[in-house]
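Undergrad: Below you will find the structure I want to go over with you.
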Amino acid sequence: MMDFNRKINMKYIMKKYMVYLPVFILGTIAFMSSCSKDEYYNDGGKANPVFNGTVLQYLESNPKFDTIAQIVKIAGMEDVFNNEDITFFAPTDEVIRRTIGLVNSLVPETRGGLNQQLFDANKDTIKVLSDVPAALWRKYLMRYMLKGKFLAKDFPQLDYALRPLYPGAYYFGYNGDLSNIGVVYNTANDVKYAGYRQLTISNVPDISDPNQFTSAAVATSDVQPKNGVVHVLAVYLFGSIGEVRVDPGSNNFGLGYEFNREVILSR
């Protein structure tokens, strides 16, 4: 009997509230319609890529590049970053943190860094950025730089699987080091080249063997200070970034491990 009574009561409740359901739906639609007209639903438009300052001022203004801005100054390159037209593939401070690393670290991304290598070699570890010779900071900083202004649209297509057809292009960096730079056209909905475009830079350590390289993917492209273009590099986590074949060495300053070796030899 109790079960039957519950069923009767449930039918009554449902019948009662079904009367108000159309009113509730209409009210909800009206509310959402009015909200859509509110000022905080206005389209903000596209992000403005233009920065009203120099390349160095942009780095100083962004907390992701506090350490990189300091390195520019230690390297004695303030005049270049303030006055010359340059394209800078900017590594973030996270790259410097991973490069220098910690001794006996339990954090995977800082394990086996430069300080651990110095410690294992019974040499003084890096405590402040100026412990690294300015000439080395300058040499490897220039590996990320091109003379002139290059937006993403200025670089050719790159396909790692079809390099004979889409090889990107080779560029000499600010210090004469060779780089391969190109735009990877990602796949979308199983349609090749229909997806988003992703800029990538690769350091080529041996000009006689340009197929050996360390690649880094760009996370944000075409930031435009007054005297140049900044492309912000992504930090490698695991696997590829899109269809860019990212090498773990891209997380190391200089796009590889040469910087570490030279610092160790300088101690």
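Just so we're on the same page: first chain in the structure tokens is A, next is B, and so on; residues restart at 1 for each chain, and ligands are numbered from 1 in the order they show up.
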Using the chain letters and numbers from this document, which residues of range 66-256 of chain A does DSSP assign to strand (DSSP E), as a ChimeraX atom specification?

TA: /A:86-90,145-147,169-172,178-185,197-204,214-223,228-233

Undergrad: I'd like the contact shell of range 97-105 of chain A - 10 Å cut-off, only C-alpha atoms, skipping same-chain residues fewer than 5 positions apart - returned as a PyMOL selection string.

TA: chain A and resi 67+92+110-120+125-127+129+235+249+251-254+256-257+259-260

Undergrad: If we count only C-alpha atoms and set the cut-off at 7 Å, which residues sit around range 197-212 of chain A, ignoring sequence neighbours fewer than 4 positions away in its own chain? Please answer as an MDAnalysis selection string.

TA: chainID A and resid 152 178:186 216:218 255

Undergrad: Write a file of the selected residues as a compact mmCIF listing (two decimals), in the first residue's frame, keeping C-alpha atoms.

TA:
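Dumped everything to selection.txt:
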# COMPACT_ATOMS: atom_id res chain seq x y z
CA ALA A 152 55.58 33.32 -39.14
CA LEU A 178 72.93 27.42 -38.93
CA SER A 179 69.22 26.92 -38.18
CA ASN A 180 66.40 25.24 -40.03
CA ILE A 181 63.14 27.15 -39.63
CA GLY A 182 59.73 26.33 -41.05
CA VAL A 183 56.01 26.18 -40.46
CA VAL A 184 54.43 22.77 -39.83
CA TYR A 185 50.90 22.42 -41.22
CA ASN A 186 49.10 20.12 -38.80
CA ALA A 216 61.91 23.44 -30.69
CA ALA A 217 58.27 24.40 -31.25
CA VAL A 218 56.93 27.93 -31.00
CA LEU A 255 69.02 24.08 -28.25

Undergrad: Got a sec: who's within 8 Å of Asp247 in chain A, counting only C-alpha atoms, leaving out chain neighbours fewer than 5 positions off, as number ranges by chain?

TA: A: 214-216, 236

Undergrad: Just C-alpha atoms for this one: save the residues we selected as a PDB file, in the first residue's frame.

TA:
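result39.pdb was written with the following content:
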ATOM      1  CA  THR A 214      67.518  19.743 -32.324  1.00  0.00           C
ATOM      2  CA  SER A 215      64.011  21.126 -32.820  1.00  0.00           C
ATOM      3  CA  ALA A 216      61.907  23.441 -30.692  1.00  0.00           C
ATOM      4  CA  TYR A 236      58.924  20.290 -24.065  1.00  0.00           C
TER       5      TYR A 236
END

Undergrad: Using only C-alpha atoms for the distances, tell me which of A:Pro248, A:Pro225, A:Pro49, A:Pro133 is nearest to Thr87 in chain A.

TA: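 Answer, going by the shortest atom-to-atom distance: A:Pro225.
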
Undergrad: At a cut-off of 10 Å, using only C-alpha atoms, what residues contact Tyr166 in chain A? Leave out same-chain residues fewer than 2 positions from it and give the result as an MDAnalysis selection string.

TA: chainID A and resid 156:164 168:169 182:184

Undergrad: For the atom pair CA of Val232 in chain A and CA of Tyr58 in chain A, what is the interatomic distance in Å to one decimal place?

TA: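 Result for CA of Val232 in chain A versus CA of Tyr58 in chain A: 11.7 Å, one decimal.
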
Undergrad: From the set A:Tyr196, A:Phe51, A:Tyr171, A:Phe81, which residue has the shortest atom-to-atom contact distance to Phe150 in chain A, counting only C-alpha atoms?

TA: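 Of all the options, A:Tyr171 lies closest to Phe150 in chain A.
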
Undergrad: So, counting only C-alpha atoms, which residue among A:Pro108, A:Gly228, A:Pro167, A:Pro91 is closest to Leu146 in chain A?

TA: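 Answer, going by the shortest atom-to-atom distance: A:Gly228.
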
Undergrad: Considering only C-alpha atoms, tabulate each residue of range 164-257 of chain A that lies at most 12 Å from range 59-63 of chain A along with its nearest interatomic pair and the corresponding distance in Å to one decimal; arrange the rows by chain and ascending residue number and present them as CSV.

TA:
residue,atom,partner,partner_atom,distance
A:Val223,CA,A:Leu59,CA,10.9
A:Gln224,CA,A:Leu59,CA,11.7
A:Pro225,CA,A:Leu59,CA,9.9
A:Val229,CA,A:Leu59,CA,11.7
A:Val230,CA,A:Leu59,CA,9.3
A:His231,CA,A:Leu59,CA,11.5
A:Val232,CA,A:Leu59,CA,10.5

Undergrad: Write down as an mmCIF file with C-alpha atoms, in the first residue's frame the residues belonging to range 59-234 of chain A that are assigned alpha helix (DSSP H) by DSSP computed on the backbone.

TA:
data_model
loop_
_atom_site.group_PDB
_atom_site.id
_atom_site.type_symbol
_atom_site.label_atom_id
_atom_site.label_comp_id
_atom_site.auth_asym_id
_atom_site.auth_seq_id
_atom_site.Cartn_x
_atom_site.Cartn_y
_atom_site.Cartn_z
ATOM 1 C CA LEU A 59 61.239 40.754 -22.171
ATOM 2 C CA GLU A 60 61.463 42.919 -19.060
ATOM 3 C CA SER A 61 57.698 43.453 -19.018
ATOM 4 C CA ASP A 66 62.825 37.915 -16.216
ATOM 5 C CA THR A 67 65.889 35.662 -16.326
ATOM 6 C CA ILE A 68 66.328 35.975 -20.092
ATOM 7 C CA ALA A 69 66.324 39.780 -19.775
ATOM 8 C CA GLN A 70 69.077 39.501 -17.156
ATOM 9 C CA ILE A 71 71.095 37.254 -19.460
ATOM 10 C CA VAL A 72 70.804 39.809 -22.278
ATOM 11 C CA LYS A 73 72.369 42.386 -19.955
ATOM 12 C CA ILE A 74 75.093 40.057 -18.655
ATOM 13 C CA GLU A 78 71.324 45.513 -24.504
ATOM 14 C CA ASP A 79 72.101 47.754 -27.472
ATOM 15 C CA VAL A 80 71.218 44.975 -29.941
ATOM 16 C CA PHE A 81 67.917 44.161 -28.209
ATOM 17 C CA ASN A 82 67.008 47.829 -27.914
ATOM 18 C CA ASN A 83 68.104 49.253 -31.256
ATOM 19 C CA ASP A 93 62.918 31.335 -17.856
ATOM 20 C CA GLU A 94 61.834 27.694 -17.458
ATOM 21 C CA VAL A 95 64.499 26.719 -20.008
ATOM 22 C CA ILE A 96 67.196 28.369 -17.884
ATOM 23 C CA ARG A 97 65.852 26.668 -14.756
ATOM 24 C CA ARG A 98 66.018 23.266 -16.409
ATOM 25 C CA THR A 99 69.423 23.950 -17.959
ATOM 26 C CA ILE A 100 71.139 24.881 -14.694
ATOM 27 C CA LEU A 114 74.391 21.650 -15.427
ATOM 28 C CA ASN A 115 74.818 21.958 -11.644
ATOM 29 C CA GLN A 116 74.558 18.211 -11.178
ATOM 30 C CA GLN A 117 77.203 17.709 -13.852
ATOM 31 C CA LEU A 118 79.487 20.276 -12.188
ATOM 32 C CA PHE A 119 78.931 18.674 -8.790
ATOM 33 C CA ASP A 120 79.777 15.222 -10.148
ATOM 34 C CA ALA A 134 79.375 36.548 -20.438
ATOM 35 C CA ALA A 135 80.901 35.306 -23.692
ATOM 36 C CA LEU A 136 79.077 31.984 -23.340
ATOM 37 C CA TRP A 137 75.732 33.612 -22.582
ATOM 38 C CA ARG A 138 76.253 35.820 -25.642
ATOM 39 C CA LYS A 139 77.309 32.970 -27.938
ATOM 40 C CA TYR A 140 74.275 30.818 -27.205
ATOM 41 C CA LEU A 141 71.813 33.696 -26.915
#

Undergrad: What does the distance from CA of Phe89 in chain A to CA of Leu56 in chain A come to in Å, to one decimal?

TA: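 Distance between the two atoms: 13.0 Å.
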